[in-house]
Each structure stands twice: as C-alpha cells, then as structure tokens.
file entry.cif (mmCIF, C-alpha atoms and all ligand atoms)
data_data
#
loop_
_atom_site.label_atom_id
_atom_site.label_comp_id
_atom_site.auth_asym_id
_atom_site.auth_seq_id
_atom_site.Cartn_x
_atom_site.Cartn_y
_atom_site.Cartn_z
CA MET A 247 8.40 45.95 35.21
CA ALA A 248 4.80 46.29 36.50
CA LEU A 249 3.68 44.71 39.75
CA ILE A 250 0.70 42.40 40.23
CA THR A 251 -2.61 44.14 40.96
CA SER A 252 -5.06 41.29 40.24
CA PRO A 253 -5.04 37.67 39.00
CA GLU A 254 -5.67 38.95 35.46
CA SER A 255 -2.72 41.37 35.61
CA ILE A 256 -0.15 38.55 35.83
CA LEU A 257 -0.48 37.55 32.16
CA ASP A 258 0.70 40.87 30.70
CA ILE A 259 3.61 40.99 33.14
CA ALA A 260 4.64 37.44 32.16
CA LEU A 261 4.31 38.18 28.42
CA ALA A 262 6.40 41.35 28.81
CA ALA A 263 9.14 39.30 30.48
CA MET A 264 9.33 37.08 27.37
CA GLN A 265 9.61 39.93 24.87
CA SER A 266 13.35 39.58 24.28
CA THR A 267 13.15 35.96 23.04
CA GLU A 268 15.30 36.00 19.91
CA ASN A 269 13.80 32.99 18.17
CA GLN A 270 10.52 34.44 16.85
CA ARG A 271 8.73 31.11 16.50
CA LEU A 272 9.66 30.16 20.07
CA LYS A 273 8.42 33.57 21.24
CA THR A 274 5.07 33.11 19.46
CA LEU A 275 4.55 29.57 20.72
CA ILE A 276 5.48 30.13 24.35
CA SER A 277 3.55 33.43 24.57
CA SER A 278 0.46 31.79 23.09
CA LEU A 279 0.78 28.77 25.38
CA THR A 280 1.16 31.08 28.39
CA GLU A 281 -1.97 33.01 27.37
CA HIS A 282 -4.01 29.81 27.00
CA LEU A 283 -2.79 28.43 30.32
CA HIS A 284 -3.61 31.64 32.17
CA GLU A 285 -7.07 31.65 30.60
CA PHE A 286 -7.53 28.01 31.60
CA VAL A 287 -6.57 28.67 35.24
CA LEU A 288 -8.83 31.73 35.48
CA GLU A 289 -11.77 30.14 33.71
CA ASN A 290 -11.66 27.09 35.98
CA GLN A 291 -10.54 28.95 39.12
CA LEU A 292 -7.95 26.21 39.68
CA THR A 293 -7.48 25.37 43.38
CA GLU A 294 -4.06 24.89 44.94
CA SER A 295 -4.65 21.17 45.51
CA GLU A 296 -5.76 20.71 41.89
CA PHE A 297 -2.61 22.52 40.75
CA GLU A 298 -0.46 20.29 42.96
CA ARG A 299 -2.19 17.18 41.57
CA ALA A 300 -1.58 18.38 38.00
CA LEU A 301 2.12 18.89 38.70
CA GLN A 302 2.34 15.43 40.28
CA PHE A 303 0.75 14.00 37.14
CA ILE A 304 3.37 15.64 34.92
CA VAL A 305 6.21 14.43 37.17
CA GLY A 306 4.68 10.92 36.99
CA ILE A 307 4.65 11.10 33.16
CA GLY A 308 8.39 11.85 33.17
CA GLN A 309 9.17 9.16 35.71
CA ALA A 310 7.23 6.54 33.75
CA THR A 311 9.22 7.30 30.58
CA GLY A 312 12.27 5.15 29.93
CA LYS A 313 14.06 2.89 27.47
CA ASN A 314 10.98 0.83 26.50
CA THR A 315 8.12 3.14 27.38
CA ASN A 316 7.25 6.67 26.34
CA GLU A 317 4.49 8.01 28.58
CA VAL A 318 5.14 11.55 27.24
CA VAL A 319 4.07 10.46 23.75
CA LEU A 320 1.18 8.50 25.26
CA VAL A 321 -0.30 11.47 27.12
CA ALA A 322 -0.20 13.55 23.91
CA ASP A 323 -1.95 10.62 22.19
CA ILE A 324 -4.78 10.08 24.68
CA LEU A 325 -5.56 13.82 24.75
CA GLY A 326 -5.90 13.80 20.93
CA ILE A 327 -2.95 16.20 20.49
CA SER A 328 -0.77 13.81 18.44
CA SER A 329 -3.65 13.11 16.09
CA LEU A 330 -4.38 16.84 15.78
CA VAL A 331 -0.76 17.67 14.87
CA SER A 332 -0.65 14.80 12.38
CA THR A 333 -3.95 15.82 10.78
CA ILE A 334 -3.20 19.55 10.34
CA ASN A 335 0.18 18.74 8.81
CA ASN A 336 -1.03 16.06 6.40
CA MET A 337 -4.42 17.25 5.29
CA ASP A 338 -5.79 15.94 1.99
CA VAL A 339 -8.13 17.84 -0.33
CA ASP A 340 -11.21 16.65 1.59
CA GLY A 341 -9.85 17.94 4.91
CA GLY A 342 -9.05 14.38 6.01
CA SER A 343 -5.61 12.92 6.44
CA TYR A 344 -3.75 10.01 4.94
CA ALA A 345 -1.39 10.14 7.91
CA ALA A 346 -1.79 8.75 11.43
CA LEU A 347 0.20 8.59 14.65
CA LEU A 348 3.69 7.13 14.72
CA GLY A 349 2.93 5.59 18.12
CA PRO A 350 5.57 4.40 20.57
CA PHE A 351 6.60 1.15 18.82
CA TRP A 352 8.42 2.08 15.61
CA ARG A 353 12.00 0.77 15.45
CA LYS A 354 14.56 2.02 12.97
CA ASN A 355 16.38 -0.40 10.65
CA ALA A 356 13.80 -3.18 10.38
CA PRO A 357 15.07 -5.97 8.07
CA LEU A 358 15.02 -5.21 4.33
CA CYS A 359 12.77 -7.83 2.72
CA ASN A 360 12.04 -9.15 -0.77
CA TRP A 361 8.76 -9.10 -2.66
CA GLY A 362 6.25 -11.43 -0.96
CA GLU A 363 8.51 -12.26 1.99
CA SER A 364 6.89 -13.00 5.35
CA ILE A 365 7.63 -10.77 8.35
CA SER A 366 6.33 -13.48 10.68
CA ARG A 367 9.69 -14.74 12.01
CA VAL A 368 8.39 -17.13 14.68
CA ASP A 369 5.32 -19.40 14.75
CA LEU A 370 2.67 -17.66 16.88
CA GLY A 371 -0.37 -19.27 15.23
CA GLY A 372 -3.00 -16.81 14.03
CA GLN A 373 -4.57 -16.16 10.65
CA PRO A 374 -2.17 -15.88 7.69
CA MET A 375 -2.41 -12.51 5.96
CA GLU A 376 -1.31 -11.04 2.63
CA VAL A 377 -0.91 -7.31 2.13
CA HIS A 378 -0.81 -5.71 -1.30
CA GLY A 379 -0.21 -1.98 -1.56
CA LEU A 380 0.15 0.75 -4.14
CA ILE A 381 2.04 4.00 -3.64
CA LEU A 382 0.91 6.99 -5.72
CA ASP A 383 1.86 10.63 -5.95
CA GLU A 384 -0.73 13.44 -5.75
CA PHE A 385 -1.35 13.11 -9.52
CA LYS A 386 -2.14 9.39 -9.11
CA LYS A 387 1.16 8.36 -10.72
CA PRO A 388 2.79 5.24 -9.21
CA ILE A 389 5.98 5.80 -7.23
CA ALA A 390 8.67 3.17 -7.88
CA SER A 391 11.48 2.35 -5.39
CA ALA A 392 9.69 3.84 -2.38
CA ILE A 393 10.60 2.18 0.94
CA VAL A 394 7.61 0.81 2.84
CA ASP A 395 8.47 0.17 6.49
CA VAL A 396 5.77 -1.92 8.24
CA TRP A 397 5.23 -3.02 11.82
CA HIS A 398 2.30 -4.46 13.76
CA SER A 399 1.21 -6.38 16.83
CA SER A 400 0.89 -10.16 17.12
CA PRO A 401 -2.41 -12.12 17.19
CA SER A 402 -2.22 -11.70 20.99
CA GLY A 403 -1.85 -7.91 20.68
CA PHE A 404 1.85 -7.52 21.54
CA TYR A 405 4.66 -5.84 19.64
CA GLU A 406 7.86 -7.87 19.43
CA ASN A 407 9.68 -5.64 21.95
CA GLN A 408 6.92 -6.23 24.54
CA ASP A 409 6.88 -10.00 24.23
CA ARG A 410 9.50 -12.61 25.19
CA LEU A 411 7.85 -15.17 22.89
CA GLN A 412 8.71 -13.16 19.78
CA ALA A 413 12.00 -13.00 17.87
CA ASP A 414 13.86 -9.72 17.48
CA MET A 415 12.21 -7.65 14.71
CA ASN A 416 9.28 -10.07 14.44
CA LEU A 417 6.36 -8.54 12.49
CA ARG A 418 8.59 -5.73 11.24
CA GLY A 419 10.11 -5.29 7.79
CA ARG A 420 10.96 -2.89 4.97
CA PHE A 421 9.87 -3.46 1.37
CA LYS A 422 10.66 -1.61 -1.85
CA THR A 423 7.94 -0.77 -4.40
CA ASN A 424 8.33 -2.19 -7.92
CA GLU A 425 8.24 -0.17 -11.14
CA ASN A 426 4.41 0.00 -10.85
CA GLY A 427 4.55 1.45 -7.33
CA GLU A 428 3.36 -1.84 -5.78
CA PHE A 429 4.53 -3.82 -2.77
CA PHE A 430 3.48 -7.19 -1.35
CA PHE A 431 4.23 -8.99 1.90
CA ARG A 432 2.98 -11.88 3.98
CA THR A 433 2.35 -11.83 7.70
CA ILE A 434 -0.20 -12.90 10.33
CA ARG A 435 -3.31 -10.89 11.11
CA PRO A 436 -2.72 -8.41 13.96
CA ALA A 437 -5.03 -8.06 16.94
CA GLY A 438 -6.08 -4.86 18.68
CA TYR A 439 -4.31 -4.14 21.94
CA PRO A 440 -4.51 -1.86 24.97
CA VAL A 441 -2.26 1.19 25.19
CA PRO A 442 -0.04 0.88 28.30
CA THR A 443 -2.20 1.39 31.40
CA ASN A 444 0.32 0.91 34.20
CA GLY A 445 1.30 4.60 34.40
CA PRO A 446 -0.40 7.98 34.90
CA CYS A 447 -2.12 7.75 31.48
CA GLY A 448 -3.82 4.51 32.52
CA GLU A 449 -4.99 6.20 35.70
CA LEU A 450 -6.46 9.06 33.68
CA LEU A 451 -8.23 6.70 31.27
CA ARG A 452 -9.77 4.80 34.21
CA ALA A 453 -10.93 8.07 35.84
CA GLN A 454 -12.56 9.01 32.53
CA LYS A 455 -14.18 5.57 32.15
CA ARG A 456 -12.44 5.12 28.77
CA HIS A 457 -11.31 1.70 27.57
CA PRO A 458 -7.65 1.45 26.47
CA ASN A 459 -8.09 -0.80 23.41
CA ARG A 460 -6.78 0.35 20.04
CA PRO A 461 -8.52 -1.20 17.03
CA ALA A 462 -6.30 -3.71 15.14
CA HIS A 463 -4.03 -2.02 12.62
CA ILE A 464 -0.81 -2.22 10.61
CA HIS A 465 1.65 0.67 10.73
CA PHE A 466 3.26 1.98 7.53
CA MET A 467 6.07 4.49 7.10
CA ILE A 468 6.58 5.24 3.42
CA SER A 469 9.52 7.21 2.11
CA LYS A 470 11.28 8.27 -1.05
CA PRO A 471 13.57 11.27 -1.61
CA GLY A 472 11.50 14.22 -2.91
CA TYR A 473 8.39 13.24 -0.90
CA LYS A 474 7.24 13.88 2.67
CA VAL A 475 7.60 10.74 4.76
CA LEU A 476 4.08 9.29 5.16
CA ILE A 477 3.51 7.80 8.61
CA THR A 478 0.20 6.04 8.77
CA GLN A 479 -1.85 3.06 9.96
CA VAL A 480 -4.48 0.94 8.21
CA PHE A 481 -7.21 -0.30 10.52
CA ASP A 482 -9.20 -3.53 10.42
CA SER A 483 -12.72 -2.64 9.21
CA SER A 484 -14.22 -5.43 11.35
CA ASP A 485 -12.83 -4.10 14.66
CA GLU A 486 -15.46 -3.01 17.19
CA ASN A 487 -13.27 -0.19 18.54
CA LEU A 488 -12.84 1.88 15.36
CA GLU A 489 -14.99 4.68 16.79
CA SER A 490 -13.57 4.54 20.31
CA ASP A 491 -9.83 4.47 19.65
CA PRO A 492 -8.23 5.75 22.89
CA VAL A 493 -5.73 7.79 20.83
CA PHE A 494 -8.22 9.14 18.22
CA GLY A 495 -6.21 7.80 15.28
CA VAL A 496 -8.91 6.50 12.94
CA SER A 497 -10.12 8.47 9.92
CA ARG A 498 -12.33 7.17 7.13
CA GLN A 499 -9.42 6.91 4.65
CA LEU A 500 -7.47 4.71 7.06
CA VAL A 501 -10.04 1.93 7.44
CA GLY A 502 -8.90 -0.98 5.27
CA GLU A 503 -10.88 -3.99 4.10
CA TYR A 504 -9.34 -6.97 5.90
CA LEU A 505 -11.13 -9.66 3.89
CA THR A 506 -10.91 -13.39 4.55
CA ASP A 507 -10.65 -15.53 1.40
CA ASP A 508 -13.23 -18.32 1.89
CA LYS A 509 -11.17 -20.85 -0.09
CA THR A 510 -7.76 -20.37 1.55
CA GLY A 511 -8.69 -18.81 4.91
CA ILE A 512 -6.09 -16.09 4.23
CA CYS A 513 -6.88 -12.53 5.29
CA LYS A 514 -6.19 -10.14 2.39
CA LEU A 515 -5.69 -6.41 2.53
CA ASN A 516 -5.30 -4.14 -0.50
CA HIS A 517 -4.57 -0.50 0.16
CA SER A 518 -3.34 2.58 -1.75
CA PHE A 519 -1.28 5.37 -0.25
CA VAL A 520 -0.65 8.89 -1.54
CA LEU A 521 2.68 10.66 -0.96
CA GLN A 522 2.88 14.44 -1.01
CA ALA A 523 5.88 16.18 -2.61
CA GLY A 524 8.26 17.63 -0.03
CA GLU A 525 11.33 16.99 2.03
CA MET A 526 12.04 13.45 3.26
CA VAL A 527 12.44 13.87 7.04
CA PHE A 528 12.27 10.87 9.37
CA PRO A 529 11.00 11.10 12.96
CA ALA A 530 13.17 10.31 15.94
CA PRO A 531 12.56 6.67 16.93
CA PRO A 532 10.50 6.52 20.17
CA ILE A 533 12.37 3.34 21.16
CA PRO A 534 15.86 2.18 20.06
C1 LIG A 601 0.37 2.43 18.23
O1 LIG A 601 -0.39 2.48 17.30
O2 LIG A 601 1.32 1.67 18.17
C2 LIG A 601 0.09 3.28 19.42
C3 LIG A 601 -0.27 4.60 19.24
C4 LIG A 601 -0.50 5.37 20.36
C5 LIG A 601 -0.38 4.84 21.63
C6 LIG A 601 -0.03 3.50 21.80
C7 LIG A 601 0.20 2.72 20.68
FE FE A 602 0.18 0.20 16.89
#

call {"tool": "encode", "arguments": {"input": "entry.cif", "output": "structure tokens", "more": "lines below"}}
Ligand code: BEZ
Ligand code: FE
result
Amino acid sequence: MALITSPESILDIALAAMQSTENQRLKTLISSLTEHLHEFVLENQLTESEFERALQFIVGIGQATGKNTNEVVLVADILGISSLVSTINNMDVDGGSYAALLGPFWRKNAPLCNWGESISRVDLGGQPMEVHGLILDEFKKPIASAIVDVWHSSPSGFYENQDRLQADMNLRGRFKTNENGEFFFRTIRPAGYPVPTNGPCGELLRAQKRHPNRPAHIHFMISKPGYKVLITQVFDSSDENLESDPVFGVSRQLVGEYLTDDKTGICKLNHSFVLQAGEMVFPAPPIP
C-alpha cells in the first residue's frame, strides 16, 4: 500500500483500501461518498476545530435520537436530502414528484375506518374539515380497494404522540377506496407546526436564521399490492410558509385547495393521487 505524500494523496490510498468490498453497490456508494468528503475537506481547508465541532454535532444527533424523537431523520430533512431522495425516486413526467417526506410522525396500524368516519377522537375545537380523494393509476384509471393511511397535526400544531391532551391515535386513520377509487373522511383542520428545535438541528436552524415552521399539511400513505407505496403530504394553499418549509417538502402538485364553505364553515379539500406500478414496500416506522 502507498504512503501519504500530500493531502491529495490520501484519497487514492483510502479508495484502494476499499477495493475488496464484495457488495458492489456498497463499494460504489462508500467510494463515492469518500471522494466527495475528501473534496469537501480540501476545498474548504477544514480546520481541526471545525472538524471537532462537526463530529460533536454528529454525536449530538445520535444522542438526541430515541423512542419518540428521530434527530437523524430530521437532519436529513433540514439539509434537503430526504426531499431529494424522495423526488428522484418518485419523479412524474414533468420532473416533479407526487411523493413527499414520510417525516418522523407516522405510526403503523392506525385504526381502520369506514367511509366518512371522523378521525378526530377527542374534542380539541378547531375548524371541521372534510377530505375527499381519488386514487388513480398512471393511465388515469381509478384504483379500488387501495388503503389510504392519513395522519396530521391538531389545530394547535401537535401530533397525538406529542400531546397529552390527545387520545391515542387521534387524527390518524386508514380508509379503503370504493369501486370508483374514492375515499372520504372527516377531521379538523390541521395547523402548521415547528420541527423539533430542542436538539442539534434546532441549533443549526438558529445559526442559519431559518424559521422552523412547516406549512400546515395532511400526510397520506397510499398502498395497494402491485403499486409502489405513495408517501405524500397535501399542503394548505393559504399557509404563509409554503415557500420556506424548513424541510423543503412542498412541490406545486402537493399544494391543495383548503376551501372554507361559506354556508357551513367547513373546510373542504379535494385531491387526486397517482400510484405508479411497482412493488408494495412499506417504510420502517420512525416511531412505534
Ligand atoms: C412532518 O411532516 O411530519 C415532518 C417532516 C419532517 C420533519 C418534521 C416533521
Ligand atoms: Fe407532518
């Protein structure tokens, strides 16, 4: 093995040491990551104290991750990496994406609900809301018997697992599409909310003078055997933070019309979703 002769010489020595990696995809990814990191250090002439600070940050991310919080996911989100991975893997014909981040709040096994049922399981006040949806395939044909798993924050901006005032599984539910590919549920209008700011990610956002507030949205995870699981969010068109989402999750296709009916005062959302053919693979739940 060669010996170091300059800062630049270290990369080739490191890459040579990785040559025997049997898993070819792992070899490609780690070699490429190593190349980019070396380039980054050289380009910025990283100092030893900056390096130490960066390592402390990564340790802090791990230490802040536990049963109810996932700071590892959050750092990928606030750097735009989660959105990038989601977009390149779910691109539509226009180069946009129907998919959006899973986020840290999805829970498996939300209650199975009937047509029109409300997922508001405790009285929190707020504006009543009705959501109608349509699930289509890529040829615009309706998909019957798809499972639509929904979850969202309360009118105060908290998910059920963050809030002692809410019942277990409040504002979460799973609905099945009818023979026309439609689903319908009742709920209360969600509010925007800050991403967690009590860990290293919050510190980074403050240093960057970025606000932590996500625009109001409803999460959807739509599945049916024979189709890729669609994980997405539909944002409230009236929210002032659509263009400054701290996790870069908003695309044009994902802005929904949250319209208030003047007569009833009910907020109504109508949205269509397109599933792509493929294997139905669910993500690992970020929280139990
Ligand atoms: C969410 O939409 O639930 C979310 C996404 C990224 C970070 C925090 C929350
Ligand atoms: Fe959310």

call {"tool": "residues_around", "arguments": {"input": "entry.cif", "residues": "stretch 515-528 of chain A", "least_positions_apart": "2", "cutoff": "6 Å", "atoms": "all atoms listed in the file", "output": "ChimeraX atom specification"}}
result
/A:377-383,471-475,503-504

call {"tool": "closest_atom_pairs", "arguments": {"input": "entry.cif", "of": "chain A", "to": "ligand LIG 601 (chain A)", "cutoff": "9 Å", "atoms": "all atoms listed in the file", "output": "JSON lines"}}
result
{"residue": "A:Val319", "atom": "CA", "partner": "A:LIG601", "partner_atom": "C5", "distance": 7.5}
{"residue": "A:Leu320", "atom": "CA", "partner": "A:LIG601", "partner_atom": "C5", "distance": 5.4}
{"residue": "A:Val321", "atom": "CA", "partner": "A:LIG601", "partner_atom": "C5", "distance": 8.6}
{"residue": "A:Ala322", "atom": "CA", "partner": "A:LIG601", "partner_atom": "C4", "distance": 8.9}
{"residue": "A:Asp323", "atom": "CA", "partner": "A:LIG601", "partner_atom": "C4", "distance": 5.7}
{"residue": "A:Ile324", "atom": "CA", "partner": "A:LIG601", "partner_atom": "C5", "distance": 7.5}
{"residue": "A:Ser328", "atom": "CA", "partner": "A:LIG601", "partner_atom": "C4", "distance": 8.7}
{"residue": "A:Ala346", "atom": "CA", "partner": "A:LIG601", "partner_atom": "O1", "distance": 8.7}
{"residue": "A:Leu347", "atom": "CA", "partner": "A:LIG601", "partner_atom": "C3", "distance": 6.1}
{"residue": "A:Leu348", "atom": "CA", "partner": "A:LIG601", "partner_atom": "C3", "distance": 6.5}
{"residue": "A:Gly349", "atom": "CA", "partner": "A:LIG601", "partner_atom": "C3", "distance": 3.5}
{"residue": "A:Pro350", "atom": "CA", "partner": "A:LIG601", "partner_atom": "O2", "distance": 5.6}
{"residue": "A:Phe351", "atom": "CA", "partner": "A:LIG601", "partner_atom": "O2", "distance": 5.3}
{"residue": "A:Trp352", "atom": "CA", "partner": "A:LIG601", "partner_atom": "O2", "distance": 7.6}
{"residue": "A:Trp397", "atom": "CA", "partner": "A:LIG601", "partner_atom": "O2", "distance": 8.8}
{"residue": "A:His398", "atom": "CA", "partner": "A:LIG601", "partner_atom": "O2", "distance": 7.6}
{"residue": "A:Ser399", "atom": "CA", "partner": "A:LIG601", "partner_atom": "O2", "distance": 8.2}
{"residue": "A:Tyr405", "atom": "CA", "partner": "A:LIG601", "partner_atom": "O2", "distance": 8.3}
{"residue": "A:Tyr439", "atom": "CA", "partner": "A:LIG601", "partner_atom": "C7", "distance": 8.3}
{"residue": "A:Pro440", "atom": "CA", "partner": "A:LIG601", "partner_atom": "C6", "distance": 7.7}
{"residue": "A:Val441", "atom": "CA", "partner": "A:LIG601", "partner_atom": "C6", "distance": 4.7}
{"residue": "A:Pro442", "atom": "CA", "partner": "A:LIG601", "partner_atom": "C6", "distance": 7.0}
{"residue": "A:Arg460", "atom": "CA", "partner": "A:LIG601", "partner_atom": "O1", "distance": 7.3}
{"residue": "A:Pro461", "atom": "CA", "partner": "A:LIG601", "partner_atom": "O1", "distance": 8.9}
{"residue": "A:Ala462", "atom": "CA", "partner": "A:LIG601", "partner_atom": "O1", "distance": 8.8}
{"residue": "A:His463", "atom": "CA", "partner": "A:LIG601", "partner_atom": "O1", "distance": 7.4}
{"residue": "A:Ile464", "atom": "CA", "partner": "A:LIG601", "partner_atom": "O1", "distance": 8.2}
{"residue": "A:His465", "atom": "CA", "partner": "A:LIG601", "partner_atom": "O1", "distance": 7.1}
{"residue": "A:Gln479", "atom": "CA", "partner": "A:LIG601", "partner_atom": "O1", "distance": 7.5}
{"residue": "A:Pro492", "atom": "CA", "partner": "A:LIG601", "partner_atom": "C5", "distance": 8.0}
{"residue": "A:Val493", "atom": "CA", "partner": "A:LIG601", "partner_atom": "C4", "distance": 5.8}
{"residue": "A:Phe494", "atom": "CA", "partner": "A:LIG601", "partner_atom": "C4", "distance": 8.9}
{"residue": "A:Gly495", "atom": "CA", "partner": "A:LIG601", "partner_atom": "C3", "distance": 7.8}

call {"tool": "atom_distance", "arguments": {"input": "entry.cif", "atom1": "atom CA of A:Leu500", "atom2": "atom CA of A:Asn487"}}
result
13.8 Å

call {"tool": "closest_residue", "arguments": {"input": "entry.cif", "among": "A:Gly419, A:Pro401, A:Pro529, A:Pro374", "to": "A:Thr506", "atoms": "all atoms listed in the file"}}
result
A:Pro374

call {"tool": "atom_distance", "arguments": {"input": "entry.cif", "atom1": "atom CA of A:Thr293", "atom2": "atom CA of A:Ser252"}}
result
16.4 Å

call {"tool": "atom_distance", "arguments": {"input": "entry.cif", "atom1": "atom CA of A:Ile434", "atom2": "atom CA of A:Arg418"}}
result
11.4 Å

call {"tool": "closest_residue", "arguments": {"input": "entry.cif", "among": "A:Val394, A:Leu451, A:Val480, A:Leu292", "to": "ligand FE 602 (chain A)", "atoms": "only C-alpha atoms and all ligand atoms"}}
result
A:Val480

call {"tool": "closest_residue", "arguments": {"input": "entry.cif", "among": "A:Leu411, A:Met264, A:Leu325, A:Ala248", "to": "A:Asp491", "atoms": "only C-alpha atoms"}}
result
A:Leu325

call {"tool": "closest_residue", "arguments": {"input": "entry.cif", "among": "A:Asn336, A:Asn459, A:Thr251, A:Asn360", "to": "ligand FE 602 (chain A)", "atoms": "all atoms listed in the file"}}
result
A:Asn459

call {"tool": "closest_residue", "arguments": {"input": "entry.cif", "among": "A:Ile512, A:Val318, A:Leu249, A:Ile477", "to": "ligand FE 602 (chain A)", "atoms": "only C-alpha atoms and all ligand atoms"}}
result
A:Ile477

call {"tool": "closest_residue", "arguments": {"input": "entry.cif", "among": "A:Arg432, A:Ala300, A:Gly306, A:Met337", "to": "A:Glu363", "atoms": "all atoms listed in the file"}}
result
A:Arg432

call {"tool": "residues_around", "arguments": {"input": "entry.cif", "residues": "A:Phe421", "least_positions_apart": "5", "cutoff": "12 Å", "atoms": "all atoms listed in the file", "output": "count of residues only"}}
result
34
